[in-house]
There are 2 protein chains.
Amino acid sequence: MNSHLRKDILSSNWVIVSNDREFRPNEYRAKIKCPFCPGNEKETPPAICELKDLKGWYIRVVPNKYPALTLENKNFQESEGLNKKFYVKGHHEVIIEDRNHFKKINEIKHLDKVLEIYALRMKELYSLKNVKYVMLFRNYGQNAGASLIHPHSQIISMPLLPLRVSDELKHFKTYHLKNKKCAMCDILSDEKKFKKRIIFENSHFVAFAPFASRFNFEIWVSPVNHEPDFYKETEFKKLSEALKNVFSKLHYSIKDLSYNMIIHTAPSGEKKFHWHIEILPKIAMPAGFEWGSGFYINSLSPERISEILNKGIKFRY
Amino acid sequence: MNSHLRKDILSSNWVIVSNDREFRPNEYRAKIKCPFCPGNEKETPPAICELKDLKGWYIRVVPNKYPALTLENKNFQESEGLNKKFYVKGHHEVIIEDRNHFKKINEIKHLDKVLEIYALRMKELYSLKNVKYVMLFRNYGQNAGASLIHPHSQIISMPLLPLRVSDELKHFKTYHLKNKKCAMCDILSDEKKFKKRIIFENSHFVAFAPFASRFNFEIWVSPVNHEPDFYKETEFKKLSEALKNVFSKLHYSIKDLSYNMIIHTAPSGEKKFHWHIEILPKIAMPAGFEWGSGFYINSLSPERISEILNKGIKFRY
């Protein structure tokens, strides 16, 4: 059975049922031959693009072998009583970010080039027909749902706007209607004014623990100037500097850090959106209260997080 | 700093910041004296109610020592620039369900009595002023965010409707407006007709893997007859039978099962709602895609889950 979408009748939940992914290798559960290490290139589908130096490739983009969405589907619906399955097309790629199996993101020397490749692939996928949204994310560590250790990110294109993105866009637009300004621009100027939650800043970027952090050590990185799209005119060297600073601090304070990192970029053509990166460490697991309510309980305020990270305190958990 | 609520400007997210909870004991991380075992009653605040036999209590309800919401707050708001903190009142109780530290839920002999106590506390909390919603949930196992092994559930009262519940209520109402019927009543009659996802049924309850399951092995248990409120006229013996069957199957098929269980009951006075229990096993972790999109990827269809559980297949992961 091919991947397809299902919508819950009792909620706004959409689910991608992707049986193939049951069989993907998981390095945290069994010994495997890493498909992303140099020499094992045959374990992945052929590369979409590669950056090379004298030793071979150092960044490599490949189609995901166990895709959540594929181009194989025809667009059609299948009914069963009240329920419908939606077969849709999508892309799912993997960006292998370094040759070295164990590198942390802040240890990747050419991180600015990795970010440029993120932007390049994003731009390319947005240019294709029927692509409504392109999501780029990075899972690191077992608690964050990663299945492979080798440094990599994933990029998925979708023919519909995901719930979280349409919710965000709605909030940007409502705020703009009321205040004639961008919400993120105002948030950044507040953060710079109060200086209670800033983790790092340079001429182009601010990294801060957001006021309503859902997770322990949640951090957002945002360009100072208003820009909806990640892949346009981004200062990759400056962004690389910001990310290296933030992740050095996180890895220093938190032993065995696991995290999800997500690039929130505007849906195609939307101007009332300010792109940013959300870093979501997974220390405490979301539990029954979170799943039942849609609310979050956070046992550490972002003000305390900023203190822990900026003073270089080792966090015990 | 007392627990308080924060709302994110860029999304519909609400967060309870509860610094006290940083210090609660975690049995999965360090050896502790179990505060819920007989003999250690002084480790918890005094009991709200107890059921006893000749050997002492066998069910015990206590206030949570590390509450997410408390009655100590006065209702007030505090501003900092764009942001607001909302100090609100709420209850947070723990239901200790058995004397035995290691009992699984399906091994609790008096499970029907546990369910009756759930209902009793829920009814009591709903009768109090300013309570808009009462949520009962059970976290079991480390991957589900539990911090203690001893069998227990938690109950939290809130002065506002949580996002997930208001979303659910909206969907029940929209469906009713369109079809003049309850969505869950229709779902149950579909499930009984197609018989592809049913895990268990008796005269009063149906347990099934929902069509749009978010998680591997997600199961819902719902009364056959339309009833908005969990705490009214529930057949606890029949419900206990259904839960014991479902959890025996889950524990048989899944080694080291972790799960969240949530009772979805109607907000006070709402009739267009059909109560049900959601069981959410935590096998694969939600990752970057899920957090970024608000969508879910499920690598196992509910049809396959029903086969695995009903044929008694050991699931390898």
# chains A, B, ... in the order shown; residues from 1 in each chain; ligands from 1

$ closest_atom_pairs --of "chain A" --to "chain B" --cutoff "7 Å" --atoms "only C-alpha atoms" --output "Markdown table"
| residue | atom | partner | partner_atom | distance |
| --- | --- | --- | --- | --- |
| A:Arg6 | CA | B:Ala212 | CA | 5.3 |
| A:Lys7 | CA | B:Ala212 | CA | 5.9 |
| A:Asp8 | CA | B:Ala212 | CA | 5.2 |
| A:Leu10 | CA | B:His171 | CA | 5.4 |
| A:Ser11 | CA | B:Glu168 | CA | 5.1 |
| A:Asn13 | CA | B:Phe295 | CA | 6.4 |
| A:Trp14 | CA | B:Phe295 | CA | 5.2 |
| A:Val15 | CA | B:Tyr296 | CA | 4.7 |
| A:Ile16 | CA | B:Ile297 | CA | 4.7 |
| A:Val17 | CA | B:Asn298 | CA | 4.9 |
| A:Ser18 | CA | B:Ser299 | CA | 4.8 |
| A:Asn19 | CA | B:Ser299 | CA | 4.7 |
| A:Asp20 | CA | B:Ser299 | CA | 6.8 |
| A:Arg21 | CA | B:Ser299 | CA | 5.3 |
| A:Glu22 | CA | B:Ser299 | CA | 5.1 |
| A:Gly81 | CA | B:Asp190 | CA | 6.4 |
| A:Phe137 | CA | B:Gly288 | CA | 5.5 |
| A:Arg138 | CA | B:Gly288 | CA | 6.3 |
| A:Asn139 | CA | B:Gly288 | CA | 5.9 |
| A:Asn143 | CA | B:Met285 | CA | 6.8 |
| A:Ala144 | CA | B:Ala287 | CA | 5.6 |
| A:Gly145 | CA | B:Met285 | CA | 4.6 |
| A:Pro162 | CA | B:Ser293 | CA | 4.9 |
| A:Leu163 | CA | B:Gly294 | CA | 5.3 |
| A:Arg164 | CA | B:Gly294 | CA | 4.8 |
| A:Val165 | CA | B:Ser293 | CA | 6.3 |
| A:Asp167 | CA | B:Ser11 | CA | 6.0 |
| A:Glu168 | CA | B:Ser11 | CA | 5.1 |
| A:His171 | CA | B:Leu10 | CA | 5.4 |
| A:Phe172 | CA | B:Leu10 | CA | 6.4 |
| A:Asp190 | CA | B:Gly81 | CA | 6.4 |
| A:Ala212 | CA | B:Asp8 | CA | 5.2 |
| A:Arg214 | CA | B:Val15 | CA | 6.0 |
| A:Asn260 | CA | B:Gly288 | CA | 4.9 |
| A:Met261 | CA | B:Gly288 | CA | 6.3 |
| A:Ile262 | CA | B:Gly292 | CA | 6.0 |
| A:Ala284 | CA | B:Gly145 | CA | 6.6 |
| A:Met285 | CA | B:Gly145 | CA | 4.6 |
| A:Pro286 | CA | B:Gly145 | CA | 6.1 |
| A:Ala287 | CA | B:Gly145 | CA | 5.0 |
| A:Gly288 | CA | B:Asn260 | CA | 4.9 |
| A:Phe289 | CA | B:Phe137 | CA | 6.5 |
| A:Gly292 | CA | B:Ile262 | CA | 6.0 |
| A:Ser293 | CA | B:Pro162 | CA | 5.0 |
| A:Gly294 | CA | B:Arg164 | CA | 4.8 |
| A:Phe295 | CA | B:Trp14 | CA | 5.2 |
| A:Tyr296 | CA | B:Val15 | CA | 4.7 |
| A:Ile297 | CA | B:Ile16 | CA | 4.7 |
| A:Asn298 | CA | B:Val17 | CA | 5.0 |
| A:Ser299 | CA | B:Asn19 | CA | 4.7 |
| A:Leu300 | CA | B:Asn19 | CA | 5.3 |
| A:Ser301 | CA | B:Val17 | CA | 6.1 |

$ calpha_fit_and_write --fixed "chain B" --moving "chain A" --output "CSV table (one decimal) with C-alpha atoms, in the first residue's frame"
chain,number,residue,atom,x,y,z
A,1,MET,CA,7.6,31.9,40.7
A,2,ASN,CA,4.2,30.3,40.7
A,3,SER,CA,2.8,28.3,37.8
A,4,HIS,CA,1.3,30.5,35.1
A,5,LEU,CA,0.1,30.3,31.5
A,6,ARG,CA,1.8,31.9,28.6
A,7,LYS,CA,0.3,32.3,25.1
A,8,ASP,CA,2.5,32.3,22.0
A,9,ILE,CA,1.9,35.3,19.7
A,10,LEU,CA,2.8,33.3,16.5
A,11,SER,CA,0.6,30.3,17.1
A,12,SER,CA,-2.3,28.8,19.1
A,13,ASN,CA,0.1,27.4,21.6
A,14,TRP,CA,-0.5,27.8,25.3
A,15,VAL,CA,2.2,26.8,27.8
A,16,ILE,CA,2.0,26.2,31.5
A,17,VAL,CA,5.3,27.3,33.0
A,18,SER,CA,5.7,25.3,36.1
A,19,ASN,CA,9.2,25.7,37.6
A,20,ASP,CA,8.4,23.6,40.6
A,21,ARG,CA,8.0,20.5,38.5
A,22,GLU,CA,11.8,20.6,37.7
A,23,PHE,CA,12.4,19.1,41.1
A,24,ARG,CA,10.0,16.2,41.0
A,25,PRO,CA,11.5,12.7,41.5
A,26,ASN,CA,12.1,10.6,38.4
A,27,GLU,CA,12.4,6.9,39.1
A,28,TYR,CA,13.8,6.3,35.6
A,29,ARG,CA,16.8,8.5,36.2
A,30,ALA,CA,17.6,7.9,39.9
A,31,LYS,CA,16.8,5.5,42.7
A,32,ILE,CA,14.0,6.9,44.8
A,33,LYS,CA,11.8,6.0,47.7
A,34,CYS,CA,8.4,5.5,45.9
A,35,PRO,CA,6.0,8.1,47.4
A,36,PHE,CA,3.0,6.0,46.3
A,37,CYS,CA,3.9,2.7,48.0
A,38,PRO,CA,2.2,1.7,51.3
A,39,GLY,CA,4.2,2.9,54.3
A,40,ASN,CA,5.4,6.0,52.5
A,41,GLU,CA,2.1,7.9,52.8
A,42,LYS,CA,4.0,10.8,54.5
A,43,GLU,CA,5.8,11.5,51.2
A,44,THR,CA,2.5,12.8,49.6
A,45,PRO,CA,0.1,15.5,50.8
A,46,PRO,CA,-2.8,14.1,52.9
A,47,ALA,CA,-5.3,12.0,51.0
A,48,ILE,CA,-8.4,13.4,49.5
A,49,CYS,CA,-10.1,10.0,49.5
A,50,GLU,CA,-9.1,6.4,50.0
A,51,LEU,CA,-10.8,3.0,49.3
A,52,LYS,CA,-9.8,0.4,52.0
A,53,ASP,CA,-9.9,-3.3,52.7
A,54,LEU,CA,-8.5,-5.3,55.6
A,55,LYS,CA,-4.9,-4.7,54.5
A,56,GLY,CA,-5.3,-0.9,54.3
A,57,TRP,CA,-6.0,1.4,51.3
A,58,TYR,CA,-6.0,-0.1,47.8
A,59,ILE,CA,-6.9,3.2,46.0
A,60,ARG,CA,-5.7,6.5,47.2
A,61,VAL,CA,-6.3,10.0,45.8
A,62,VAL,CA,-3.8,12.8,46.8
A,63,PRO,CA,-3.0,16.3,45.7
A,64,ASN,CA,0.0,16.4,43.3
A,65,LYS,CA,3.0,17.5,45.3
A,66,TYR,CA,4.5,19.2,42.1
A,67,PRO,CA,1.3,20.6,40.6
A,68,ALA,CA,1.0,22.1,37.1
A,69,LEU,CA,-1.8,24.3,38.4
A,70,THR,CA,-2.6,25.2,42.0
A,71,LEU,CA,-5.2,27.0,44.0
A,72,GLU,CA,-2.6,29.3,45.4
A,73,ASN,CA,-2.7,31.7,42.5
A,74,LYS,CA,-4.9,34.7,42.5
A,75,ASN,CA,-6.4,35.3,39.0
A,76,PHE,CA,-4.4,38.1,37.5
A,77,GLN,CA,-2.3,39.0,34.5
A,78,GLU,CA,1.2,40.4,34.3
A,79,SER,CA,2.5,42.2,31.2
A,80,GLU,CA,6.0,42.4,29.7
A,81,GLY,CA,5.9,44.3,26.4
A,82,LEU,CA,3.9,42.2,23.9
A,83,ASN,CA,3.7,39.3,26.3
A,84,LYS,CA,1.4,38.4,29.1
A,85,LYS,CA,1.5,35.9,32.0
A,86,PHE,CA,-1.8,34.6,33.2
A,87,TYR,CA,-1.9,33.4,36.8
A,88,VAL,CA,-4.9,31.1,37.1
A,89,LYS,CA,-6.3,28.6,39.6
A,90,GLY,CA,-6.5,24.9,39.0
A,91,HIS,CA,-6.4,21.4,40.7
A,92,HIS,CA,-3.9,18.7,40.1
A,93,GLU,CA,-4.5,15.4,41.8
A,94,VAL,CA,-2.9,11.9,41.6
A,95,ILE,CA,-4.9,8.7,41.8
A,96,ILE,CA,-2.8,5.9,43.1
A,97,GLU,CA,-4.5,2.8,41.7
A,98,ASP,CA,-3.0,-0.1,43.5
A,99,ARG,CA,-0.8,-1.0,46.5
A,100,ASN,CA,1.6,-3.0,44.3
A,101,HIS,CA,4.4,-1.0,42.7
A,102,PHE,CA,4.7,-3.0,39.5
A,103,LYS,CA,1.1,-3.8,38.5
A,104,LYS,CA,0.2,-3.1,34.9
A,105,ILE,CA,-3.3,-1.6,34.4
A,106,ASN,CA,-4.7,-4.9,33.1
A,107,GLU,CA,-3.4,-6.6,36.2
A,108,ILE,CA,-5.3,-4.4,38.6
A,109,LYS,CA,-8.1,-6.6,40.0
A,110,HIS,CA,-10.3,-3.7,41.2
A,111,LEU,CA,-10.0,-1.8,37.9
A,112,ASP,CA,-13.7,-1.1,37.9
A,113,LYS,CA,-13.3,0.6,41.2
A,114,VAL,CA,-10.4,2.7,39.9
A,115,LEU,CA,-12.7,3.8,37.0
A,116,GLU,CA,-15.4,4.7,39.5
A,117,ILE,CA,-12.9,6.9,41.5
A,118,TYR,CA,-11.9,8.6,38.2
A,119,ALA,CA,-15.6,9.4,37.7
A,120,LEU,CA,-16.1,10.5,41.3
A,121,ARG,CA,-13.2,12.9,41.3
A,122,MET,CA,-14.1,14.2,37.8
A,123,LYS,CA,-17.7,14.9,38.9
A,124,GLU,CA,-16.5,16.6,42.1
A,125,LEU,CA,-14.0,18.9,40.2
A,126,TYR,CA,-16.6,19.8,37.6
A,127,SER,CA,-19.0,20.9,40.4
A,128,LEU,CA,-16.5,23.6,41.5
A,129,LYS,CA,-16.5,27.3,40.6
A,130,ASN,CA,-14.5,28.4,37.6
A,131,VAL,CA,-13.7,24.9,36.3
A,132,LYS,CA,-14.1,24.8,32.5
A,133,TYR,CA,-12.5,21.4,31.9
A,134,VAL,CA,-11.3,18.4,33.8
A,135,MET,CA,-8.7,16.2,32.1
A,136,LEU,CA,-7.8,12.7,33.3
A,137,PHE,CA,-4.7,11.0,32.0
A,138,ARG,CA,-2.4,8.1,32.7
A,139,ASN,CA,1.3,8.1,31.7
A,140,TYR,CA,3.0,4.7,31.7
A,141,GLY,CA,6.7,4.1,30.9
A,142,GLN,CA,9.6,6.3,30.2
A,143,ASN,CA,8.9,7.1,26.5
A,144,ALA,CA,5.4,8.3,27.6
A,145,GLY,CA,6.9,10.9,29.9
A,146,ALA,CA,6.1,9.0,33.2
A,147,SER,CA,8.4,9.7,36.1
A,148,LEU,CA,7.1,7.1,38.5
A,149,ILE,CA,6.5,3.4,37.9
A,150,HIS,CA,3.8,2.9,40.6
A,151,PRO,CA,0.4,2.6,38.9
A,152,HIS,CA,-1.3,6.0,39.0
A,153,SER,CA,-3.3,8.5,36.9
A,154,GLN,CA,-3.5,12.3,37.1
A,155,ILE,CA,-6.4,14.6,37.0
A,156,ILE,CA,-6.1,18.4,36.3
A,157,SER,CA,-8.9,21.0,36.4
A,158,MET,CA,-8.6,24.1,34.2
A,159,PRO,CA,-10.3,27.5,34.1
A,160,LEU,CA,-10.2,27.4,30.2
A,161,LEU,CA,-11.0,24.9,27.5
A,162,PRO,CA,-7.8,23.3,26.1
A,163,LEU,CA,-7.1,23.6,22.4
A,164,ARG,CA,-7.4,20.0,21.6
A,165,VAL,CA,-10.8,19.7,23.4
A,166,SER,CA,-12.2,22.9,21.8
A,167,ASP,CA,-11.1,21.6,18.4
A,168,GLU,CA,-12.8,18.3,19.0
A,169,LEU,CA,-16.0,20.0,20.2
A,170,LYS,CA,-16.0,22.1,17.1
A,171,HIS,CA,-15.7,19.0,14.9
A,172,PHE,CA,-18.6,17.3,16.8
A,173,LYS,CA,-20.8,20.3,16.3
A,174,THR,CA,-19.9,20.8,12.6
A,175,TYR,CA,-20.7,17.2,11.9
A,176,HIS,CA,-23.9,17.4,13.8
A,177,LEU,CA,-25.0,20.5,12.0
A,178,LYS,CA,-24.4,18.8,8.6
A,179,ASN,CA,-25.6,15.2,9.4
A,180,LYS,CA,-28.0,15.7,12.3
A,181,LYS,CA,-26.1,12.9,14.1
A,182,CYS,CA,-23.2,12.4,16.4
A,183,ALA,CA,-19.9,11.8,14.5
A,184,MET,CA,-18.7,9.2,17.0
A,185,CYS,CA,-22.0,7.3,16.8
A,186,ASP,CA,-21.5,7.1,13.0
A,187,ILE,CA,-17.8,6.2,13.3
A,188,LEU,CA,-18.7,3.3,15.6
A,189,SER,CA,-21.4,2.0,13.3
A,190,ASP,CA,-18.9,2.2,10.4
A,191,GLU,CA,-16.3,0.3,12.4
A,192,LYS,CA,-18.8,-2.4,13.3
A,193,LYS,CA,-19.8,-2.7,9.7
A,194,PHE,CA,-16.3,-2.9,8.1
A,195,LYS,CA,-14.7,-4.8,11.0
A,196,LYS,CA,-11.2,-3.9,9.9
A,197,ARG,CA,-10.0,-2.1,12.9
A,198,ILE,CA,-11.9,-3.5,15.9
A,199,ILE,CA,-9.8,-4.8,18.8
A,200,PHE,CA,-12.6,-5.7,21.3
A,201,GLU,CA,-16.3,-5.2,21.8
A,202,ASN,CA,-18.9,-6.1,24.5
A,203,SER,CA,-22.5,-5.0,25.1
A,204,HIS,CA,-21.5,-1.4,26.1
A,205,PHE,CA,-18.1,-0.6,24.6
A,206,VAL,CA,-16.1,-0.8,21.3
A,207,ALA,CA,-12.3,-0.6,21.2
A,208,PHE,CA,-10.8,0.1,17.8
A,209,ALA,CA,-7.7,1.4,16.1
A,210,PRO,CA,-8.9,4.7,14.6
A,211,PHE,CA,-8.8,5.3,10.9
A,212,ALA,CA,-6.5,8.3,11.2
A,213,SER,CA,-4.3,6.9,13.9
A,214,ARG,CA,-1.5,9.3,14.8
A,215,PHE,CA,0.7,6.7,16.6
A,216,ASN,CA,1.6,3.1,16.1
A,217,PHE,CA,-0.9,1.0,18.1
A,218,GLU,CA,-3.2,4.0,18.9
A,219,ILE,CA,-6.6,2.7,20.2
A,220,TRP,CA,-9.8,4.4,21.2
A,221,VAL,CA,-12.4,2.9,23.5
A,222,SER,CA,-15.9,4.4,23.3
A,223,PRO,CA,-19.3,3.6,24.7
A,224,VAL,CA,-21.7,2.3,22.1
A,225,ASN,CA,-24.5,4.6,23.2
A,226,HIS,CA,-24.3,8.3,23.0
A,227,GLU,CA,-23.1,9.8,26.2
A,228,PRO,CA,-21.2,13.1,26.5
A,229,ASP,CA,-19.9,12.7,30.1
A,230,PHE,CA,-17.5,10.0,31.3
A,231,TYR,CA,-18.7,10.4,34.9
A,232,LYS,CA,-22.4,9.8,34.2
A,233,GLU,CA,-24.0,6.3,34.1
A,234,THR,CA,-20.9,4.6,32.9
A,235,GLU,CA,-20.9,0.8,33.2
A,236,PHE,CA,-17.5,0.5,35.0
A,237,LYS,CA,-17.4,-3.3,35.0
A,238,LYS,CA,-17.9,-3.4,31.2
A,239,LEU,CA,-15.4,-0.6,30.7
A,240,SER,CA,-12.9,-2.4,32.9
A,241,GLU,CA,-13.4,-5.6,30.8
A,242,ALA,CA,-12.7,-3.7,27.6
A,243,LEU,CA,-9.6,-2.0,29.0
A,244,LYS,CA,-8.2,-5.2,30.4
A,245,ASN,CA,-8.6,-6.9,27.0
A,246,VAL,CA,-7.0,-4.1,25.1
A,247,PHE,CA,-4.0,-3.7,27.5
A,248,SER,CA,-3.4,-7.4,27.7
A,249,LYS,CA,-3.1,-7.5,24.0
A,250,LEU,CA,-0.9,-4.4,23.9
A,251,HIS,CA,1.5,-5.7,26.6
A,252,TYR,CA,1.6,-9.1,24.9
A,253,SER,CA,2.5,-7.7,21.4
A,254,ILE,CA,4.8,-4.8,22.6
A,255,LYS,CA,7.8,-5.3,24.8
A,256,ASP,CA,8.4,-2.5,27.3
A,257,LEU,CA,5.2,-0.8,26.3
A,258,SER,CA,5.0,3.0,27.1
A,259,TYR,CA,1.7,4.8,26.6
A,260,ASN,CA,-0.4,7.8,27.4
A,261,MET,CA,-4.1,7.2,28.1
A,262,ILE,CA,-6.5,10.2,28.1
A,263,ILE,CA,-10.2,10.4,28.9
A,264,HIS,CA,-11.9,12.7,26.5
A,265,THR,CA,-15.0,13.8,28.3
A,266,ALA,CA,-17.3,16.7,27.3
A,267,PRO,CA,-16.7,20.2,28.5
A,268,SER,CA,-19.3,21.0,31.2
A,269,GLY,CA,-22.9,21.1,29.8
A,270,GLU,CA,-22.0,20.2,26.2
A,271,LYS,CA,-24.3,17.6,24.8
A,272,LYS,CA,-22.8,17.3,21.3
A,273,PHE,CA,-19.9,15.3,22.4
A,274,HIS,CA,-19.4,11.5,22.8
A,275,TRP,CA,-16.9,10.6,25.5
A,276,HIS,CA,-14.1,8.2,24.7
A,277,ILE,CA,-10.7,7.0,25.9
A,278,GLU,CA,-7.6,7.5,23.7
A,279,ILE,CA,-4.7,5.1,24.2
A,280,LEU,CA,-1.5,6.5,22.6
A,281,PRO,CA,1.4,4.0,22.8
A,282,LYS,CA,4.8,5.7,22.3
A,283,ILE,CA,7.0,3.5,20.1
A,284,ALA,CA,8.2,5.9,17.4
A,285,MET,CA,8.9,9.4,18.7
A,286,PRO,CA,7.2,12.3,17.1
A,287,ALA,CA,10.0,14.1,15.2
A,288,GLY,CA,10.8,17.3,13.3
A,289,PHE,CA,8.2,16.7,10.6
A,290,GLU,CA,5.4,16.2,13.2
A,291,TRP,CA,6.5,19.3,15.3
A,292,GLY,CA,6.9,21.5,12.3
A,293,SER,CA,3.8,20.5,10.4
A,294,GLY,CA,1.3,19.5,13.0
A,295,PHE,CA,0.7,16.4,10.8
A,296,TYR,CA,1.7,12.9,11.9
A,297,ILE,CA,3.6,10.2,10.0
A,298,ASN,CA,2.4,6.7,11.0
A,299,SER,CA,4.5,3.8,9.7
A,300,LEU,CA,1.8,1.2,10.6
A,301,SER,CA,-1.8,1.3,9.4
A,302,PRO,CA,-4.5,0.7,11.9
A,303,GLU,CA,-5.7,-2.2,9.8
A,304,ARG,CA,-2.3,-3.8,10.3
A,305,ILE,CA,-2.4,-3.0,14.1
A,306,SER,CA,-5.7,-4.8,14.4
A,307,GLU,CA,-4.2,-7.8,12.8
A,308,ILE,CA,-1.1,-7.8,15.0
A,309,LEU,CA,-3.1,-7.4,18.2
A,310,ASN,CA,-6.0,-9.8,17.3
A,311,LYS,CA,-3.7,-12.6,16.1
A,312,GLY,CA,-1.3,-12.2,19.1
A,313,ILE,CA,1.8,-11.4,17.0
A,314,LYS,CA,4.9,-10.2,18.8
A,315,PHE,CA,5.9,-6.8,17.4
A,316,ARG,CA,9.6,-6.2,16.8
A,317,TYR,CA,10.9,-2.7,17.0

$ select_by_dssp --residues "range 108-212 of chain A" --states "helix (DSSP H, G or I)" --output "VMD selection string"
chain A and resid 111 to 126 142 to 144 163 to 179 183 to 194
